[in-house]
Structures are given as C-alpha cells and as structure tokens.
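To be precise, the following lines are start27.cif, and they hold mmCIF, C-alpha atoms.
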```cif
data_start
loop_
_atom_site.label_atom_id
_atom_site.label_comp_id
_atom_site.auth_asym_id
_atom_site.auth_seq_id
_atom_site.Cartn_x
_atom_site.Cartn_y
_atom_site.Cartn_z
CA MET A 64 -69.10 66.57 14.65
CA ARG A 65 -68.12 62.94 14.64
CA HIS A 66 -65.87 61.86 11.78
CA VAL A 67 -67.99 59.61 9.62
CA LEU A 68 -65.14 57.25 8.90
CA ILE A 69 -64.27 56.46 12.50
CA ASP A 70 -66.08 53.50 14.03
CA ASP A 71 -66.68 53.19 17.73
CA ALA A 72 -64.43 50.24 18.51
CA SER A 73 -65.96 49.50 21.88
CA SER A 74 -69.52 49.44 20.52
CA ASP A 75 -68.43 47.25 17.60
CA GLN A 76 -66.88 44.80 20.03
CA ALA A 77 -70.10 44.75 22.04
CA LEU A 78 -72.10 44.32 18.84
CA MET A 79 -70.03 41.32 17.80
CA ALA A 80 -70.26 39.84 21.28
CA ALA A 81 -74.05 40.08 21.03
CA PHE A 82 -73.92 38.53 17.55
CA VAL A 83 -71.90 35.62 18.94
CA ASP A 84 -74.67 35.21 21.52
CA ARG A 85 -77.20 34.93 18.64
CA ASP A 86 -78.81 38.27 19.35
CA GLU A 87 -81.27 38.94 16.52
CA ARG A 88 -81.08 42.68 17.00
CA ALA A 89 -77.28 42.55 16.66
CA ALA A 90 -77.65 40.58 13.44
CA GLY A 91 -80.11 43.16 12.15
CA LEU A 92 -77.78 46.02 13.03
CA LEU A 93 -74.88 44.35 11.26
CA TYR A 94 -77.03 43.79 8.20
CA ASP A 95 -78.26 47.39 8.14
CA ARG A 96 -74.73 48.75 8.43
CA PHE A 97 -72.91 46.56 5.98
CA ALA A 98 -75.24 44.70 3.62
CA SER A 99 -75.42 47.54 1.10
CA ARG A 100 -71.68 47.61 0.58
CA VAL A 101 -71.38 43.83 0.52
CA TYR A 102 -74.21 43.67 -2.01
CA GLY A 103 -72.63 46.45 -4.05
CA LEU A 104 -69.31 44.63 -3.95
CA GLY A 105 -71.07 41.58 -5.33
CA ILE A 106 -72.56 43.61 -8.15
CA VAL A 107 -69.20 45.12 -9.04
CA MET A 108 -67.10 41.98 -8.73
CA LEU A 109 -69.53 39.21 -9.65
CA GLY A 110 -71.63 41.09 -12.16
CA ASN A 111 -75.21 40.24 -11.34
CA ASP A 112 -77.92 40.65 -8.73
CA HIS A 113 -78.28 36.93 -7.95
CA ALA A 114 -74.58 36.46 -7.26
CA ALA A 115 -74.52 39.65 -5.21
CA GLN A 116 -77.39 38.43 -3.03
CA ASP A 117 -75.59 35.11 -2.58
CA LEU A 118 -72.50 37.02 -1.54
CA VAL A 119 -74.45 38.87 1.14
CA GLN A 120 -75.83 35.61 2.51
CA ASP A 121 -72.45 33.84 2.39
CA THR A 122 -70.72 36.78 4.04
CA PHE A 123 -73.11 36.96 6.97
CA VAL A 124 -73.02 33.21 7.50
CA LYS A 125 -69.22 33.36 7.51
CA LEU A 126 -69.34 36.29 9.91
CA TRP A 127 -71.40 34.22 12.30
CA ARG A 128 -69.11 31.21 12.00
CA THR A 129 -65.99 33.31 12.64
CA ALA A 130 -67.47 36.04 14.87
CA ALA A 131 -65.79 34.74 18.01
CA ARG A 132 -62.43 35.35 16.37
CA PHE A 133 -63.03 39.04 15.65
CA ASP A 134 -60.20 40.89 17.35
CA PRO A 135 -60.40 44.71 17.40
CA GLU A 136 -56.64 44.75 17.97
CA ARG A 137 -56.25 43.49 14.42
CA GLY A 138 -58.43 46.17 12.84
CA ARG A 139 -61.89 47.66 12.62
CA LEU A 140 -65.06 45.59 12.29
CA GLU A 141 -65.94 47.48 9.10
CA THR A 142 -62.66 46.50 7.45
CA TRP A 143 -62.97 42.89 8.61
CA ILE A 144 -66.46 42.53 7.17
CA LEU A 145 -65.64 44.23 3.87
CA LEU A 146 -62.52 42.16 3.35
CA THR A 147 -64.32 38.96 4.33
CA ALA A 148 -66.86 39.68 1.61
CA ARG A 149 -64.12 40.60 -0.82
CA SER A 150 -62.26 37.38 -0.09
CA LEU A 151 -65.39 35.31 -0.73
CA ALA A 152 -65.98 37.15 -4.00
CA ILE A 153 -62.38 36.66 -5.10
CA ASP A 154 -62.57 32.95 -4.33
CA LEU A 155 -65.70 32.69 -6.42
CA LEU A 156 -64.13 34.64 -9.27
CA ARG A 157 -61.09 32.42 -9.28
CA ARG A 158 -63.32 29.42 -9.45
CA ARG A 159 -65.28 30.86 -12.27
CA VAL A 160 -62.18 32.23 -14.04
CA LEU A 161 -64.05 35.35 -15.04
CA GLU A 162 -62.43 38.21 -16.85
CA SER A 163 -61.67 41.21 -14.64
CA ARG A 164 -64.00 44.13 -15.09
CA SER A 165 -63.16 47.77 -15.22
CA LEU A 166 -65.16 50.04 -12.96
CA GLN A 167 -65.40 52.49 -15.82
CA GLU A 168 -67.17 49.87 -17.93
CA LEU A 169 -69.64 49.04 -15.17
CA GLY A 170 -70.41 52.57 -14.12
CA PRO A 171 -72.11 53.31 -10.78
CA PRO A 172 -73.73 50.35 -9.01
CA PRO A 173 -77.47 49.91 -9.68
CA VAL A 174 -80.00 50.90 -7.02
CA HIS A 175 -83.21 48.92 -6.77
CA ASP A 176 -85.26 51.58 -5.01
CA PRO A 177 -84.87 54.98 -6.61
CA SER A 178 -87.47 56.62 -4.35
CA PRO A 179 -86.22 58.81 -1.48
CA GLY A 180 -85.26 56.75 1.54
CA PRO A 181 -85.10 57.42 5.27
CA ASP A 182 -82.65 59.86 6.80
CA ASP A 183 -79.98 57.22 7.40
CA LEU A 184 -80.15 56.15 3.76
CA ALA A 185 -79.78 59.79 2.70
CA ALA A 186 -76.76 60.13 4.96
CA THR A 187 -75.19 57.06 3.39
CA ALA A 188 -75.90 58.37 -0.10
CA ASP A 189 -74.21 61.63 0.88
CA LEU A 190 -71.23 59.68 2.16
CA ALA A 191 -71.07 57.70 -1.08
CA GLY A 192 -71.17 60.93 -3.07
CA ARG A 193 -68.31 62.39 -1.09
CA ALA A 194 -66.37 59.18 -1.44
CA ARG A 195 -66.85 59.21 -5.22
CA ARG A 196 -65.59 62.80 -5.36
CA ALA A 197 -62.59 61.70 -3.33
CA MET A 198 -62.06 58.80 -5.71
CA ALA A 199 -62.07 61.22 -8.64
CA LYS A 200 -59.10 63.00 -7.08
CA LEU A 201 -56.90 59.93 -7.53
CA SER A 202 -54.58 59.79 -10.48
CA ASN A 203 -55.39 57.17 -13.11
CA GLU A 204 -52.31 55.24 -12.05
CA GLN A 205 -53.29 55.26 -8.38
CA ARG A 206 -56.86 54.24 -9.14
CA SER A 207 -55.78 51.43 -11.46
CA ALA A 208 -53.32 49.99 -8.93
CA LEU A 209 -55.86 50.21 -6.12
CA GLU A 210 -58.58 48.56 -8.21
CA LEU A 211 -56.29 45.67 -9.13
CA ALA A 212 -55.29 45.16 -5.50
CA TYR A 213 -58.74 45.59 -3.96
CA PHE A 214 -61.12 44.12 -6.53
CA GLY A 215 -58.65 41.78 -8.18
CA GLY A 216 -57.00 40.51 -5.03
CA ARG A 217 -53.63 41.05 -6.70
CA THR A 218 -50.39 41.21 -4.77
CA THR A 219 -48.17 44.22 -5.39
CA ALA A 220 -45.88 42.01 -7.47
CA GLU A 221 -48.84 41.07 -9.67
CA VAL A 222 -50.00 44.69 -9.89
CA ALA A 223 -46.49 45.70 -10.91
CA ALA A 224 -46.34 43.02 -13.59
CA LEU A 225 -49.77 43.94 -14.97
CA GLU A 226 -49.03 47.65 -14.99
CA GLY A 227 -45.47 47.29 -16.21
CA ILE A 228 -43.99 49.17 -13.26
CA PRO A 229 -41.52 48.34 -10.46
CA GLN A 230 -43.04 46.64 -7.43
CA GLY A 231 -42.00 49.56 -5.23
CA THR A 232 -43.97 51.91 -7.46
CA ALA A 233 -47.01 49.65 -7.21
CA LYS A 234 -46.77 49.67 -3.42
CA THR A 235 -46.41 53.44 -3.34
CA ARG A 236 -49.42 53.99 -5.62
CA ILE A 237 -51.71 51.75 -3.56
CA HIS A 238 -50.54 53.25 -0.29
CA ALA A 239 -50.86 56.80 -1.59
CA ALA A 240 -54.29 56.10 -3.08
CA LEU A 241 -55.72 54.87 0.24
CA LEU A 242 -54.25 57.80 2.17
CA LYS A 243 -55.49 60.28 -0.42
CA LEU A 244 -59.02 58.88 -0.20
CA ARG A 245 -58.91 59.28 3.54
CA ALA A 246 -57.52 62.80 3.31
CA GLU A 247 -60.12 63.90 0.75
CA MET A 248 -62.97 62.47 2.83
CA ALA A 249 -61.64 64.20 5.95
CA ARG A 250 -61.23 67.47 4.06
CA GLU A 251 -64.86 67.39 2.94
CA VAL A 252 -66.11 67.17 6.53
CA GLY A 253 -63.67 69.78 7.71
CA ASP A 254 -61.60 67.51 9.98
CA ASP A 255 -57.86 67.83 10.40
CA VAL A 256 -55.90 65.16 8.55
CA MET B 119 -38.84 44.73 11.25
CA THR B 120 -38.40 48.49 11.10
CA CYS B 121 -41.30 50.91 10.91
CA GLU B 122 -40.27 51.82 7.38
CA GLU B 123 -40.37 48.18 6.31
CA VAL B 124 -43.73 47.63 8.00
CA ARG B 125 -45.37 50.73 6.52
CA GLU B 126 -44.31 49.63 3.06
CA LEU B 127 -46.14 46.34 3.68
CA LEU B 128 -49.22 47.72 5.44
CA PRO B 129 -51.49 48.02 2.37
CA GLU B 130 -50.79 44.40 1.43
CA GLN B 131 -51.22 43.28 5.03
CA LEU B 132 -54.53 45.12 5.20
CA LEU B 133 -55.74 43.58 1.94
CA GLY B 134 -54.57 40.10 2.93
CA SER B 135 -52.04 39.47 0.19
CA LEU B 136 -48.94 38.91 2.33
CA ASP B 137 -47.59 35.42 2.93
CA GLU B 138 -48.30 34.04 6.39
CA THR B 139 -44.81 34.52 7.78
CA THR B 140 -44.54 38.15 6.70
CA ASP B 141 -48.10 38.85 7.82
CA ALA B 142 -47.31 37.46 11.27
CA ARG B 143 -44.19 39.62 11.49
CA VAL B 144 -46.09 42.76 10.48
CA ARG B 145 -48.83 42.06 13.02
CA GLN B 146 -46.20 41.45 15.67
CA HIS B 147 -44.64 44.85 14.93
CA ILE B 148 -48.03 46.61 14.92
CA ARG B 149 -48.90 45.20 18.34
CA GLY B 150 -45.95 47.06 19.79
CA CYS B 151 -45.90 50.26 17.67
CA ALA B 152 -48.56 52.95 18.14
CA GLU B 153 -47.43 54.94 15.09
CA CYS B 154 -47.71 51.99 12.74
CA ARG B 155 -51.09 51.11 14.26
CA ALA B 156 -52.20 54.66 13.53
CA GLU B 157 -50.97 54.36 9.96
CA ARG B 158 -52.92 51.14 9.54
CA LEU B 159 -56.06 52.87 10.82
CA ARG B 160 -55.54 55.64 8.26
CA LEU B 161 -55.33 53.02 5.52
CA GLU B 162 -58.51 51.41 6.87
CA ASP B 163 -60.19 54.80 6.49
CA GLY B 164 -59.08 54.71 2.86
CA VAL B 165 -60.61 51.26 2.37
CA ALA B 166 -63.86 52.49 3.89
CA ALA B 167 -63.89 55.48 1.55
CA LEU B 168 -63.16 53.19 -1.39
CA SER B 169 -66.08 50.96 -0.44
CA TYR B 170 -68.51 53.88 -0.26
CA ALA B 171 -67.23 55.28 -3.53
CA THR B 172 -67.30 52.12 -5.59
CA HIS B 173 -69.72 49.55 -4.21
CA GLU B 174 -72.51 51.08 -2.20
CA ALA B 175 -75.82 49.72 -3.54
CA VAL B 176 -79.27 49.14 -2.10
CA PRO B 177 -80.06 45.42 -2.03
CA PRO B 178 -83.59 44.11 -2.58
CA ALA B 179 -85.75 44.72 0.49
CA GLU B 180 -86.62 41.05 0.84
CA LEU B 181 -82.95 40.10 1.14
CA ARG B 182 -82.85 41.30 4.76
CA ASP B 183 -85.49 38.86 5.97
CA HIS B 184 -83.89 36.11 3.90
CA VAL B 185 -80.40 36.59 5.36
CA LEU B 186 -81.67 36.95 8.92
CA GLY B 187 -83.72 33.81 8.40
CA VAL B 188 -80.65 31.93 7.19
CA LEU B 189 -78.76 33.10 10.27
CA ASP B 190 -81.61 31.94 12.49
CA GLU B 191 -81.44 28.53 10.85
CA GLU B 192 -77.66 28.51 11.28
CA TRP B 193 -78.05 29.29 14.97
CA SER B 194 -80.61 26.58 15.54
CA THR B 195 -78.58 23.91 13.79
CA SER B 196 -75.06 24.86 14.89
CA GLU B 197 -75.22 22.59 17.91
CA GLU B 198 -75.91 19.59 15.68
CA THR B 199 -74.33 19.31 12.25
CA VAL B 200 -73.05 22.19 10.11
CA ALA B 201 -72.27 22.05 6.39
CA PRO B 202 -69.46 24.47 5.61
CA ALA B 203 -68.77 25.83 2.15
CA GLY B 204 -66.53 23.36 0.37
CA PRO B 205 -66.20 19.68 1.35
CA LYS B 206 -69.34 18.52 3.14
CA VAL B 207 -68.32 17.39 6.62
CA ALA B 208 -70.49 16.92 9.66
CA ARG B 209 -69.02 18.45 12.82
CA MET B 210 -69.49 17.42 16.39
CA PRO B 211 -69.84 20.21 18.93
CA ALA B 212 -66.39 21.32 19.98
CA SER B 213 -66.69 19.96 23.53
CA ARG B 214 -67.59 16.43 22.46
CA TRP B 215 -64.96 16.37 19.73
CA ILE B 216 -62.31 17.57 22.14
CA ALA B 217 -63.25 14.96 24.71
CA ALA B 218 -63.19 12.17 22.11
CA VAL B 219 -59.79 13.16 20.73
CA ALA B 220 -58.39 13.78 24.20
CA ALA B 221 -59.42 10.29 25.28
CA ALA B 222 -57.65 8.77 22.28
CA LEU B 223 -54.49 10.78 22.79
CA LEU B 224 -54.34 10.06 26.49
CA VAL B 225 -53.66 6.48 25.47
CA VAL B 226 -50.70 7.79 23.49
CA SER B 227 -49.49 9.77 26.49
CA VAL B 228 -49.56 6.64 28.57
CA ALA B 229 -47.45 4.86 25.96
CA TRP B 230 -44.94 7.68 26.18
CA GLY B 231 -44.73 7.16 29.93
CA ALA B 232 -45.73 10.72 30.64
CA VAL B 233 -48.53 9.98 33.14
CA GLN B 234 -49.45 7.49 35.85
CA THR B 235 -51.65 4.64 34.67
CA ARG B 236 -54.19 5.30 37.38
CA HIS B 237 -54.72 8.90 36.23
CA ALA B 238 -55.05 7.84 32.59
CA GLN B 239 -57.68 5.23 33.36
CA GLN B 240 -59.66 7.69 35.47
CA THR B 241 -59.47 10.35 32.78
CA SER B 242 -60.52 7.97 30.01
CA ALA B 243 -63.65 7.17 31.97
CA ASP B 244 -64.31 10.88 32.48
CA ALA B 245 -63.58 11.77 28.86
CA ARG B 246 -67.30 12.23 28.02
CA SER B 247 -67.43 15.27 30.25
CA TYR B 248 -65.32 18.16 28.99
CA GLN B 249 -65.28 19.97 32.29
CA ALA B 250 -64.41 16.83 34.21
CA LEU B 251 -61.57 16.24 31.79
CA LEU B 252 -60.21 19.73 32.35
CA ALA B 253 -60.40 19.34 36.12
CA THR B 254 -58.58 16.02 35.93
CA LEU B 255 -55.89 17.52 33.74
CA GLY B 256 -55.37 20.40 36.11
CA GLY B 257 -57.59 23.00 34.48
CA ARG B 258 -55.51 23.77 31.40
CA GLU B 259 -57.74 24.94 28.56
CA PHE B 260 -57.75 23.28 25.17
CA ARG B 261 -57.08 25.49 22.19
CA LEU B 262 -58.84 25.03 18.91
CA GLY B 263 -58.45 26.42 15.42
CA GLU B 264 -60.31 26.01 12.14
CA LEU B 265 -58.28 25.75 8.94
CA HIS B 266 -59.27 28.29 6.32
CA PRO B 267 -58.23 27.58 2.73
CA MET B 268 -55.96 29.99 0.91
CA GLY B 269 -54.90 30.22 -2.68
CA GLY B 270 -58.00 28.46 -3.97
CA VAL B 271 -56.73 24.93 -3.18
CA GLY B 272 -59.47 24.14 -0.68
CA VAL B 273 -57.71 22.61 2.33
CA THR B 274 -59.95 22.71 5.39
CA GLY B 275 -59.90 21.07 8.77
CA THR B 276 -59.24 21.56 12.44
CA VAL B 277 -56.30 21.84 14.81
CA LEU B 278 -56.39 21.05 18.52
CA LEU B 279 -53.65 21.88 21.02
CA TYR B 280 -53.32 21.00 24.65
CA ASP B 281 -50.61 22.35 26.95
CA GLY B 282 -49.65 19.82 29.60
CA VAL B 283 -48.91 20.67 33.21
CA GLY B 284 -46.27 18.97 35.31
CA ARG B 285 -45.86 15.38 34.20
CA TRP B 286 -48.43 15.70 31.40
CA ASN B 287 -47.16 16.09 27.85
CA SER B 288 -48.30 18.79 25.51
CA TRP B 289 -49.85 17.55 22.33
CA GLY B 290 -51.40 18.68 19.12
CA ILE B 291 -53.48 17.10 16.41
CA VAL B 292 -54.35 18.33 12.92
CA LEU B 293 -57.20 16.83 10.90
CA ALA B 294 -57.29 18.04 7.29
CA ARG B 295 -59.49 17.53 4.25
CA SER B 296 -58.92 18.56 0.66
CA ASP B 297 -60.71 18.08 -2.61
CA ALA B 298 -57.55 18.99 -4.53
CA ASP B 299 -55.04 16.48 -5.85
CA LEU B 300 -52.65 16.78 -2.90
CA THR B 301 -50.21 14.10 -1.82
CA ASP B 302 -48.51 15.74 1.09
CA ALA B 303 -48.06 19.11 2.75
CA ARG B 304 -45.94 20.64 5.48
CA VAL B 305 -47.53 21.60 8.79
CA MET B 306 -46.13 24.35 10.99
CA LEU B 307 -47.14 25.94 14.25
CA VAL B 308 -46.26 29.65 14.27
CA GLY B 309 -45.92 32.05 17.16
CA PRO B 310 -46.21 35.86 17.26
CA ASN B 311 -42.49 36.34 17.86
CA GLY B 312 -41.55 34.43 14.74
CA ILE B 313 -40.99 31.06 16.38
CA SER B 314 -42.16 28.02 14.48
CA LYS B 315 -42.39 24.28 15.03
CA GLU B 316 -42.93 21.77 12.30
CA LEU B 317 -45.23 18.80 12.78
CA PRO B 318 -45.03 15.60 10.74
CA PRO B 319 -46.27 16.23 7.19
CA LEU B 320 -49.86 15.60 6.13
CA ARG B 321 -50.10 12.61 3.80
CA PHE B 322 -53.42 12.78 1.98
CA SER B 323 -55.36 9.67 1.19
CA ASP B 324 -58.81 9.96 -0.38
CA GLY B 325 -58.76 13.64 0.46
CA GLU B 326 -58.05 13.25 4.17
CA ALA B 327 -54.91 13.50 6.27
CA SER B 328 -53.81 13.93 9.85
CA SER B 329 -50.74 14.94 11.76
CA TRP B 330 -50.03 14.92 15.46
CA LEU B 331 -47.31 15.22 18.02
CA VAL B 332 -46.79 14.59 21.70
CA THR B 333 -43.99 16.59 23.26
CA HIS B 334 -42.50 17.71 26.53
CA GLU B 335 -42.09 21.17 24.98
CA ALA B 336 -44.68 23.83 25.85
CA LEU B 337 -46.92 24.80 22.95
CA THR B 338 -48.32 27.94 24.58
CA GLY B 339 -46.16 30.19 22.43
CA TYR B 340 -47.83 29.12 19.20
CA ASP B 341 -51.10 30.70 18.12
CA GLU B 342 -51.35 29.88 14.43
CA LEU B 343 -51.09 26.80 12.23
CA VAL B 344 -50.02 26.98 8.60
CA ILE B 345 -50.32 24.29 5.93
CA VAL B 346 -47.74 24.76 3.18
CA ALA B 347 -47.30 22.92 -0.10
CA ARG B 348 -43.90 21.52 -0.97
CA GLY B 349 -43.38 24.42 -3.33
CA GLY B 350 -43.91 26.91 -0.55
CA THR B 351 -47.47 27.98 -1.34
CA VAL B 352 -49.62 28.49 1.75
CA LEU B 353 -52.64 26.17 1.43
CA ALA B 354 -54.48 26.97 4.63
CA ASN B 355 -54.08 28.65 7.98
CA ALA B 356 -55.80 28.56 11.33
CA ARG B 357 -55.75 30.97 14.22
CA ILE B 358 -55.68 28.95 17.44
CA SER B 359 -57.57 30.18 20.47
CA GLU B 360 -59.20 28.75 23.57
CA ALA B 361 -62.08 26.40 22.85
#
```
Can the structure in the file be given as structure tokens, please?
Amino acid sequence: MRHVLIDDASSDQALMAAFVDRDERAAGLLYDRFASRVYGLGIVMLGNDHAAQDLVQDTFVKLWRTAARFDPERGRLETWILLTARSLAIDLLRRRVLESRSLQELGPPPVHDPSPGPDDLAATADLAGRARRAMAKLSNEQRSALELAYFGGRTTAEVAALEGIPQGTAKTRIHAALLKLRAEMAREVGDDV
Amino acid sequence: MTCEEVRELLPEQLLGSLDETTDARVRQHIRGCAECRAERLRLEDGVAALSYATHEAVPPAELRDHVLGVLDEEWSTSEETVAPAGPKVARMPASRWIAAVAAALLVVSVAWGAVQTRHAQQTSADARSYQALLATLGGREFRLGELHPMGGVGVTGTVLLYDGVGRWNSWGIVLARSDADLTDARVMLVGPNGISKELPPLRFSDGEASSWLVTHEALTGYDELVIVARGGTVLANARISEA
C-alpha cells in the first residue's frame, strides 16, 4: 500500500509544468489537493471564513506567478504550497498585529458541509483523524514549540525566548515533534519508519 | 557545514526562518548529501501530518469556481499588465523589458570600451527583438529574478543579469521599489558555494532605487540576489534563473 504521506515527485513536477502552461485541469487538480488545507490554515491563523477564502485565492495566484520556479530538488510540492500559504498568512498577521491564537482555544476547524462526501473526501478525513491522533502523542512542550514555529513564524531564538528555554532545546523540540508526527502517521498505516 | 550542524538547522530551513546566508549554506550541503536530504524529507512528512491534523477544512463549494476564475483572468492578462500584491506597478512582458534594458546598457558597454562600435549600433537597432539580440550577443541567455519582500518591509523589484562572452562585459541591473521609509540598502549577489559580490547600494528616492554594474568578471556563479538593510536585516531576495 502506498504511504499516504509520500508524494509522487515526478507527477508533481509534471503537474506544475502543466500549470505553468495554463492548463485548467492542472489548476483544478492543484485546487482539489491543497485548497482544503490552505483554507483551514486561513481559518486557524486568520480567524474567519472571509480571510481564509482570501488566503486561498492569494495563495493560488502566487503559485501561478512563481510556478516556474518550483524546484523539486528543494522539496516537495505539498510543502512548498503549504509554506507559501503560511507565509502569506504570517505577512497578513504581522500587518494586522493580531494576537496569536492557541489551537486549544480554537478547537477543530469548522466544516461547511457536514454531509458525507465522496470517497476521496472520506479518505482525507481519515488522514486528518490519524494526523490528529499523531498530534495528540506530542508532549505539550513539543506541540507548543511547533505551533509557535509553524503558525507563528517564529525563529527558534524567538521560540526559546517565549518559552523560557535554551535555543538548543527549542530546536530539539521542533525537530523531535516533526519526526514524531511522521513516525506516528507511518505506524498507523503499518509502514516501517 | 557538517551534517550535524545542518540537521540542527533543517527545521528552521524547512519553515523558512533562517537568514539568507545560512539558508544558502544549508541548501548547498543538502544538494550534496543524500542522508541530509532524506532527513529533510522526513521533516516534510511531519509538516504534512501537522497540516492534516490542525488545518484541514472544507472550503465553501463556490470558492473553487471563484479561484479558478481568478486564475483564468490572471492567465489572460499576464501578457499585458499585472498588479502584484503590494506597490502597484505595471510590468512589461519579460522579453520586451529585457530588450529595452539591454539596449540602454549596451550604450554603457560601449563607453567602457568593451565592444566594437559597429556591433553596438547593430545591436541597438535589433534591441526590439529579444531573439535577435541573443543571436547578436552570441546566444548567451539573460537571467531574471523577482525580488520577494522579507521581514514585512515590502521591498519588491527585479534583477537582470547578463553573462558576456569574449569581449562583451557581464552586467547586472537591480530595480527596486519600497513603500517603507528606506534611505539605502546593500545589494549582494550570492552563489551556491558561498561566494558573494556586492553591487553599489540602493539609494531610495520616492520609494524607488536602482543599482547596476558592468564587469569583466563572470556572473554565472551567482544565482540569488539579497537586499540587506544597514543593520543586517534581509529586506528582500530573488532567485535568479534564465528568462
């Protein structure tokens, strides 16, 4: 069984090449794969549906404008898109000077259509459930450091200052948190780590 | 850098919080180290898991058509003018912009005595045609980069490099815009092996500035441009690739 977290690098490169060539189907495929997480990121970081929808639009426009520069040697397409969206959200937050939000205060992201979806949506929901179980395996310290770095755009020095820990400890917690998430996800599907 | 040093920096490199110089050094190490590349991929798996766990949400159904419609509009207008986020600036298509700048800088090259007058006059006349210009210059490709703001300051712009062949000089030009209260900033070309070359500083006036150089030195080893404030803060960077 294919590991759900591994993207097909060659097909992603072909997909982006088609997107550069203004292929509507490629644009649709990109949207279907990534819009839900970009939208969810907007809900979590920006706090409302309108801003989250704007984030989706801004992210895909930026993807188009920078698509020719996607280099699989630098990392996966999935990571590039998620971090592009995150960067846009962080820029907006800094402009707004909003208070940082705790994930515990927000709770799970809202879903607009509670009715059962197609098979691919069910598969994604299953993946999200497994990912949340993996997230629950993190220590509070690991989760807090990772949230500050990922959602807050903080450097490890800033995380260390905010948490009152040495910078090396901050680095270790973030690194360990990401690897633990990966390991827990792999364990759930029965793959070797 | 050692593998141990790089692996300690990988999460920050992945999340984009390293300074430009350190980021370039980490990427340079990764290009030549399979084990560190594998570690980075494992961390990317972690980011993917984090995204599914914390921000997976179904957007409104109508958003799909809206976003695809915006992209369609972007595609149909990208050959004319494009309004980027931030300062509103109309852009010429890359080929016409390159030809216009190349024609202007060829005059500079003549003043430096780097080319024969006859070739310069011929090339100026051909400058409207990008392909004709390349053929005249011996087929060397122009390289172009777009400045992306960092740190919230909002410096944007474009960098153009050309690597001369034989008697032709190499040259570079940086055109920058900023809506922040900047007076000047340092400009540096950076290469993957840690080499760097500083251009004349940007001196902003009414939010615009430029910097350029003409040199006998080859610029092929540089693939990034970094704009740095006097205090050392990175204001913008551009990855330079063939136009």
Name all residues at most 7 Å from range 156-162 of chain B (count all atoms listed in the file; drop same-chain ones fewer than 6 positions away) and give them as a list in words. Thr142, Leu241, Leu242 and Arg245 of chain A; Leu128 of chain B
Residues of chain B were defined as contacting chain A if any atom lay at most 9 Å from it, counting all atoms listed in the file; please report them as an NGL selection string. :B and (125-130 or 132-136 or 145 or 148-149 or 155 or 158-179 or 181-182 or 184-186 or 188-190 or 192-193 or 203 or 268-270 or 357 or 359)
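Coordinates place CA of Ala354 in chain B at a distance of 5.9 Å from CA of Leu265 in chain B.
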Go through the shown structure with the PyMOL selection byres ((chain B and resi 355) around 9) and write out the matching residues as a PDB file with C-alpha atoms, in the frame of the given file.
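Result written to part-v2.pdb:
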```pdb
ATOM      1  CA  GLU B 138     -48.300  34.040   6.390  1.00  0.00           C
ATOM      2  CA  GLY B 263     -58.450  26.420  15.420  1.00  0.00           C
ATOM      3  CA  GLU B 264     -60.310  26.010  12.140  1.00  0.00           C
ATOM      4  CA  LEU B 265     -58.280  25.750   8.940  1.00  0.00           C
ATOM      5  CA  HIS B 266     -59.270  28.290   6.320  1.00  0.00           C
ATOM      6  CA  PRO B 267     -58.230  27.580   2.730  1.00  0.00           C
ATOM      7  CA  MET B 268     -55.960  29.990   0.910  1.00  0.00           C
ATOM      8  CA  THR B 274     -59.950  22.710   5.390  1.00  0.00           C
ATOM      9  CA  GLU B 342     -51.350  29.880  14.430  1.00  0.00           C
ATOM     10  CA  LEU B 343     -51.090  26.800  12.230  1.00  0.00           C
ATOM     11  CA  VAL B 344     -50.020  26.980   8.600  1.00  0.00           C
ATOM     12  CA  ILE B 345     -50.320  24.290   5.930  1.00  0.00           C
ATOM     13  CA  VAL B 346     -47.740  24.760   3.180  1.00  0.00           C
ATOM     14  CA  VAL B 352     -49.620  28.490   1.750  1.00  0.00           C
ATOM     15  CA  LEU B 353     -52.640  26.170   1.430  1.00  0.00           C
ATOM     16  CA  ALA B 354     -54.480  26.970   4.630  1.00  0.00           C
ATOM     17  CA  ALA B 356     -55.800  28.560  11.330  1.00  0.00           C
ATOM     18  CA  ARG B 357     -55.750  30.970  14.220  1.00  0.00           C
TER      19      ARG B 357
END
```
From CA of Glu335 in chain B to CA of Gln146 in chain B the spacing works out at 22.7 Å
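Distances from B:Thr301, B:Thr338, B:Ser323, B:Thr351 to Asp281 in chain B were compared using only C-alpha atoms, and the smallest one belongs to B:Thr338.
Counting from CA of Leu151 in chain A, the distance to CA of Gly227 in chain A is 27.9 Å.
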